[in-house]
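Trainee: Here you go, this is start_32.cif (mmCIF, C-alpha atoms).
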```
data_input
#
loop_
_atom_site.label_atom_id
_atom_site.label_comp_id
_atom_site.auth_asym_id
_atom_site.auth_seq_id
_atom_site.Cartn_x
_atom_site.Cartn_y
_atom_site.Cartn_z
CA MET A 1 -53.06 12.64 159.48
CA ALA A 2 -52.63 16.42 159.40
CA THR A 3 -55.75 18.55 159.47
CA ARG A 4 -56.27 20.61 156.35
CA GLU A 5 -57.54 24.17 156.76
CA SER A 6 -60.66 23.14 154.84
CA ASP A 7 -61.45 20.55 157.55
CA SER A 8 -61.48 23.00 160.47
CA ILE A 9 -64.89 23.89 161.85
CA THR A 10 -66.24 25.81 164.83
CA ARG A 11 -67.74 23.93 167.80
CA GLU A 12 -71.11 25.54 166.99
CA GLY A 13 -70.83 24.42 163.36
CA MET A 14 -70.03 20.87 164.45
CA ASP A 15 -73.02 20.86 166.82
CA ARG A 16 -75.37 22.20 164.13
CA LEU A 17 -74.28 19.51 161.68
CA LYS A 18 -74.75 16.78 164.32
CA GLU A 19 -78.26 18.10 165.08
CA GLU A 20 -79.16 18.20 161.39
CA LEU A 21 -77.82 14.67 160.91
CA GLU A 22 -79.87 13.33 163.83
CA TYR A 23 -82.99 15.13 162.59
CA ARG A 24 -82.61 13.77 159.06
CA LYS A 25 -82.01 10.22 160.31
CA ALA A 26 -84.71 10.14 162.99
CA ILE A 27 -87.47 12.39 161.66
CA VAL A 28 -87.09 13.00 157.93
CA ARG A 29 -86.37 9.34 157.10
CA THR A 30 -89.47 8.24 159.01
CA GLU A 31 -91.69 10.85 157.36
CA ILE A 32 -90.46 9.92 153.89
CA ALA A 33 -90.89 6.19 154.55
CA GLU A 34 -94.49 6.87 155.57
CA ARG A 35 -95.11 8.89 152.41
CA ILE A 36 -93.68 6.06 150.30
CA LYS A 37 -95.88 3.54 152.10
CA VAL A 38 -98.99 5.64 151.44
CA ALA A 39 -98.02 6.21 147.81
CA LEU A 40 -97.49 2.48 147.30
CA SER A 41 -101.05 1.87 148.51
CA PHE A 42 -102.31 3.82 145.50
CA GLY A 43 -101.31 0.92 143.27
CA ASP A 44 -99.84 1.44 139.79
CA LEU A 45 -96.41 3.06 140.16
CA SER A 46 -96.11 4.02 136.49
CA GLU A 47 -98.25 7.14 137.00
CA ASN A 48 -97.84 7.64 140.72
CA SER A 49 -96.39 11.14 141.19
CA GLU A 50 -96.66 10.89 145.00
CA TYR A 51 -94.39 7.85 144.93
CA ASP A 52 -91.93 9.51 142.52
CA ASP A 53 -91.82 12.67 144.65
CA ALA A 54 -91.25 10.71 147.86
CA LYS A 55 -88.48 8.62 146.29
CA GLN A 56 -86.79 11.79 145.00
CA GLU A 57 -87.03 13.37 148.45
CA GLN A 58 -85.61 10.17 149.94
CA ALA A 59 -82.62 10.29 147.57
CA THR A 60 -82.02 13.96 148.40
CA ASN A 61 -82.21 13.28 152.14
CA GLU A 62 -79.85 10.30 151.94
CA ALA A 63 -77.37 12.34 149.89
CA ARG A 64 -77.40 15.09 152.52
CA ILE A 65 -76.94 12.51 155.30
CA ALA A 66 -73.90 11.10 153.48
CA GLU A 67 -72.53 14.61 152.93
CA ILE A 68 -72.88 15.53 156.62
CA GLU A 69 -71.31 12.25 157.74
CA SER A 70 -68.37 12.86 155.41
CA ILE A 71 -67.90 16.40 156.74
CA LEU A 72 -68.08 15.23 160.36
CA ASN A 73 -65.61 12.40 159.73
CA ARG A 74 -63.02 14.86 158.39
CA ALA A 75 -63.77 17.86 160.60
CA GLN A 76 -61.55 19.09 163.39
CA VAL A 77 -62.95 21.60 165.88
CA ILE A 78 -61.03 24.88 165.92
CA ASP A 79 -59.07 25.28 169.15
CA ARG A 80 -60.00 28.63 170.71
CA GLU A 81 -56.55 28.86 172.27
CA LYS A 82 -54.90 28.80 168.83
CA ILE A 83 -56.93 31.54 167.16
CA SER A 84 -54.69 34.44 166.24
CA THR A 85 -55.68 37.97 167.16
CA THR A 86 -52.86 39.45 165.09
CA GLU A 87 -53.66 37.74 161.78
CA VAL A 88 -57.04 36.84 160.23
CA THR A 89 -57.65 33.08 160.43
CA ARG A 90 -60.66 30.79 160.37
CA GLY A 91 -62.45 31.00 163.71
CA ALA A 92 -61.50 34.65 164.27
CA THR A 93 -64.06 37.41 164.62
CA VAL A 94 -63.09 40.21 162.25
CA THR A 95 -64.43 43.76 162.18
CA LEU A 96 -64.27 45.39 158.75
CA SER A 97 -64.86 48.98 157.76
CA SER A 98 -66.13 49.95 154.32
CA GLU A 99 -68.05 52.80 152.73
CA PHE A 100 -71.19 51.12 154.10
CA GLY A 101 -69.99 51.23 157.71
CA MET A 102 -68.62 48.66 160.14
CA GLU A 103 -69.49 44.96 160.03
CA THR A 104 -68.25 42.15 162.25
CA TYR A 105 -67.97 38.60 160.91
CA LEU A 106 -66.98 35.22 162.27
CA LEU A 107 -64.74 33.55 159.68
CA VAL A 108 -65.89 29.97 159.11
CA ASN A 109 -65.69 26.94 156.84
CA SER A 110 -67.96 27.15 153.79
CA VAL A 111 -70.33 24.54 155.29
CA GLU A 112 -71.01 26.96 158.16
CA GLU A 113 -71.42 30.13 156.11
CA ASN A 114 -74.56 32.13 156.86
CA ILE A 115 -74.31 35.78 155.93
CA PHE A 116 -77.54 36.55 157.84
CA GLU A 117 -75.74 35.45 161.02
CA ASN A 118 -72.52 37.28 160.01
CA ARG A 119 -70.75 33.95 159.46
CA LEU A 120 -68.44 34.57 156.51
CA SER A 121 -66.71 31.75 154.63
CA THR A 122 -62.96 31.94 154.22
CA GLU A 123 -63.66 30.69 150.69
CA SER A 124 -65.83 33.70 149.78
CA PRO A 125 -64.24 36.61 147.90
CA VAL A 126 -64.11 38.80 151.01
CA GLY A 127 -62.99 35.89 153.20
CA GLN A 128 -60.17 35.02 150.81
CA ALA A 129 -59.06 38.65 150.59
CA ILE A 130 -58.76 39.15 154.36
CA LEU A 131 -57.37 35.71 155.27
CA ASN A 132 -53.86 35.95 156.76
CA ARG A 133 -54.03 39.78 156.78
CA LYS A 134 -53.38 41.96 159.81
CA ARG A 135 -55.25 44.72 161.65
CA GLY A 136 -55.09 47.99 159.72
CA GLU A 137 -54.57 46.39 156.32
CA VAL A 138 -56.80 47.46 153.43
CA VAL A 139 -58.05 44.98 150.83
CA VAL A 140 -59.96 45.56 147.62
CA VAL A 141 -62.44 42.86 146.65
CA ARG A 142 -64.53 42.28 143.55
CA THR A 143 -68.09 41.79 144.85
CA PRO A 144 -71.37 41.34 142.97
CA SER A 145 -71.92 45.10 143.37
CA GLY A 146 -68.45 46.00 142.06
CA MET A 147 -65.04 46.67 143.59
CA GLN A 148 -65.22 47.21 147.35
CA GLU A 149 -62.52 48.39 149.74
CA TYR A 150 -62.37 47.00 153.28
CA THR A 151 -60.14 47.96 156.19
CA ILE A 152 -59.47 45.34 158.88
CA VAL A 153 -60.33 47.19 162.07
CA ASP A 154 -60.14 44.39 164.65
CA ILE A 155 -59.34 40.69 164.97
CA ALA A 156 -60.60 38.78 168.01
CA THR A 157 -61.14 35.19 169.08
CA GLY A 158 -64.65 34.29 168.13
CA VAL A 159 -65.38 30.59 168.43
#
```
Now, as a test, write the supplied structure out as structure tokens.

Mentor:
Amino acid sequence: MATRESDSITREGMDRLKEELEYRKAIVRTEIAERIKVALSFGDLSENSEYDDAKQEQATNEARIAEIESILNRAQVIDREKISTTEVTRGATVTLSSEFGMETYLLVNSVEENIFENRLSTESPVGQAILNRKRGEVVVVRTPSGMQEYTIVDIATGV
């Protein structure tokens, strides 16, 4: 089966998801089970908010586990050797210039996005605008703060 662009993920992103999955299965499940056990000891479940809260947390945790497993089952790690330095692709490190200065971002899958770590999703407005563009090109993007112009200064391998 061919890998879709949306299934590609960095090695670091894959490792983070695996760590989160293990943590949720080994630690969070156990903690929630203990909370449910304690809440059950209170007796009447009809007015037992501790039980209701723990069951809700359990459902949320199990949903996240299923989501991570689904992502990992579909994901293909980006091959560093195949990252273009002439055209912006997922896995590339891109330096952009704007009126606010220079910023460097690693372009990633939306499940890896973390703007505080300069990990920019290719599905974000800026990510979409620069995807498949070349060094020196200028793009104009509608951002929450209005229209913003970016110049692609550099493209490097970044995974």

Trainee: Using only C-alpha atoms, which protein or nucleic acid residues come within 7 Å of Ile78 of chain A? Drop anything in the same chain fewer than 6 positions from it, and give the result as a PyMOL selection string.

Mentor: chain A and resi 8-10+91

Trainee: Extract, using all atoms listed in the file, all DNA, RNA and protein residues at most 7 Å from segment 100-107 of chain A, discarding same-chain residues fewer than 2 positions from it, and format them as a list in words.

Mentor: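 Non-adjacent residues within range: Arg90, Gly91, Ala92, Thr93, Val94, Thr95, Leu96, Ser97, Ser98, Asn118, Arg119, Leu120, Ser121, Thr122 and Gly158 of chain A.
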
Trainee: Keeping only C-alpha atoms, take the residues you just selected and write them out as an mmCIF file, in the coordinates of the input.

Mentor:
```cif
data_model
loop_
_atom_site.group_PDB
_atom_site.id
_atom_site.type_symbol
_atom_site.label_atom_id
_atom_site.label_comp_id
_atom_site.auth_asym_id
_atom_site.auth_seq_id
_atom_site.Cartn_x
_atom_site.Cartn_y
_atom_site.Cartn_z
ATOM 1 C CA ARG A 90 -60.660 30.790 160.370
ATOM 2 C CA GLY A 91 -62.450 31.000 163.710
ATOM 3 C CA ALA A 92 -61.500 34.650 164.270
ATOM 4 C CA THR A 93 -64.060 37.410 164.620
ATOM 5 C CA VAL A 94 -63.090 40.210 162.250
ATOM 6 C CA THR A 95 -64.430 43.760 162.180
ATOM 7 C CA LEU A 96 -64.270 45.390 158.750
ATOM 8 C CA SER A 97 -64.860 48.980 157.760
ATOM 9 C CA SER A 98 -66.130 49.950 154.320
ATOM 10 C CA ASN A 118 -72.520 37.280 160.010
ATOM 11 C CA ARG A 119 -70.750 33.950 159.460
ATOM 12 C CA LEU A 120 -68.440 34.570 156.510
ATOM 13 C CA SER A 121 -66.710 31.750 154.630
ATOM 14 C CA THR A 122 -62.960 31.940 154.220
ATOM 15 C CA GLY A 158 -64.650 34.290 168.130
#
```

Trainee: Taking only C-alpha atoms into account, which of A:Leu17, A:Val28, A:Val77, A:Ala54 comes nearest Leu40 of chain A?

Mentor: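 Once distances to Leu40 of chain A are computed over only C-alpha atoms, the minimum belongs to A:Ala54.
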
Trainee: What does the distance from atom CA of Tyr150 of chain A to atom CA of Lys82 of chain A come to in Å, to one decimal?

Mentor: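 About the pair atom CA of Tyr150 of chain A and atom CA of Lys82 of chain A: they are 25.1 Å apart.
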
Trainee: Between A:Asp154, A:Glu19, A:Glu47, A:Glu62, which residue has the minimum interatomic distance to Ile32 of chain A, considering only C-alpha atoms?

Mentor: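 Using only C-alpha atoms, the shortest distance to Ile32 of chain A belongs to A:Glu62.
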
Trainee: Taking into account only C-alpha atoms, which residue in the set A:Val141, A:Ala26, A:Leu72, A:Leu45 is nearest to Val111 of chain A?

Mentor: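 Among the listed residues, A:Leu72 lies closest to Val111 of chain A.
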
Trainee: Run the PyMOL selection byres ((chain A and resi 135) around 6) on the file and write out the hits as a PyMOL selection string.

Mentor: chain A and resi 134+136-137+152-154

Trainee: Mind pulling up the distance from atom CA of Ser124 of chain A to atom CA of Glu81 of chain A?

Mentor: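 These atoms are spaced 24.8 Å apart.
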
Trainee: With only C-alpha atoms counted, which protein, DNA or RNA residues have an atom no more than 12 Å from (-78.8, 14.8, 161.8) in the file frame? Please answer as a list in words.

Mentor: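 Here is the list of nearby residues: Met14, Asp15, Arg16, Leu17, Lys18, Glu19, Glu20, Leu21, Glu22, Tyr23, Arg24, Lys25, Ala26, Ile27, Val28, Arg29, Asn61, Glu62, Arg64, Ile65, Ala66, Glu67, Ile68, Glu69 and Leu72 of chain A.
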
Trainee: Here is a test: counting all atoms listed in the file, which residue of A:Ser70, A:Asn132, A:Thr30, A:Thr151 is nearest to Gln58 of chain A?

Mentor: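 When distances to Gln58 of chain A are compared using all atoms listed in the file, the smallest one comes from A:Thr30.
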
Trainee: Distance atom CA of Val138 of chain A-atom CA of Gly13 of chain A, one decimal place?

Mentor: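 Interatomic distance here is 28.7 Å.
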
Trainee: Could you state which residues are captured by the PyMOL selection byres ((chain A and resi 36) around 9) in this file, as a PDB file with C-alpha atoms, in the frame of the given file?

Mentor:
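Dumped to result14.pdb:
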```
ATOM      1  CA  GLU A  31     -91.690  10.850 157.360  1.00  0.00           C
ATOM      2  CA  ILE A  32     -90.460   9.920 153.890  1.00  0.00           C
ATOM      3  CA  ALA A  33     -90.890   6.190 154.550  1.00  0.00           C
ATOM      4  CA  GLU A  34     -94.490   6.870 155.570  1.00  0.00           C
ATOM      5  CA  ARG A  35     -95.110   8.890 152.410  1.00  0.00           C
ATOM      6  CA  LYS A  37     -95.880   3.540 152.100  1.00  0.00           C
ATOM      7  CA  VAL A  38     -98.990   5.640 151.440  1.00  0.00           C
ATOM      8  CA  ALA A  39     -98.020   6.210 147.810  1.00  0.00           C
ATOM      9  CA  LEU A  40     -97.490   2.480 147.300  1.00  0.00           C
ATOM     10  CA  SER A  41    -101.050   1.870 148.510  1.00  0.00           C
ATOM     11  CA  GLU A  50     -96.660  10.890 145.000  1.00  0.00           C
ATOM     12  CA  TYR A  51     -94.390   7.850 144.930  1.00  0.00           C
ATOM     13  CA  ASP A  52     -91.930   9.510 142.520  1.00  0.00           C
ATOM     14  CA  ASP A  53     -91.820  12.670 144.650  1.00  0.00           C
ATOM     15  CA  ALA A  54     -91.250  10.710 147.860  1.00  0.00           C
ATOM     16  CA  LYS A  55     -88.480   8.620 146.290  1.00  0.00           C
TER      17      LYS A  55
END
```

Trainee: I need the residue nearest Ile155 of chain A from this list: A:Gln128, A:Glu123, A:Ile83, A:Asn114. Use only C-alpha atoms for the distance.

Mentor: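 Using only C-alpha atoms, the shortest distance to Ile155 of chain A belongs to A:Ile83.
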
Trainee: Could you write out as a PyMOL selection string the residues that the PyMOL selection byres ((chain A and resi 140) around 10) matches in the shown file?

Mentor: chain A and resi 125-126+129-130+138-139+141-143+147-151

Trainee: Which one of A:Gly127, A:Glu117, A:Asn109, A:Ser145 sits closest to Gln76 of chain A if you count only C-alpha atoms?

Mentor: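 Ranked by minimum distance to Gln76 of chain A, first place goes to A:Asn109.
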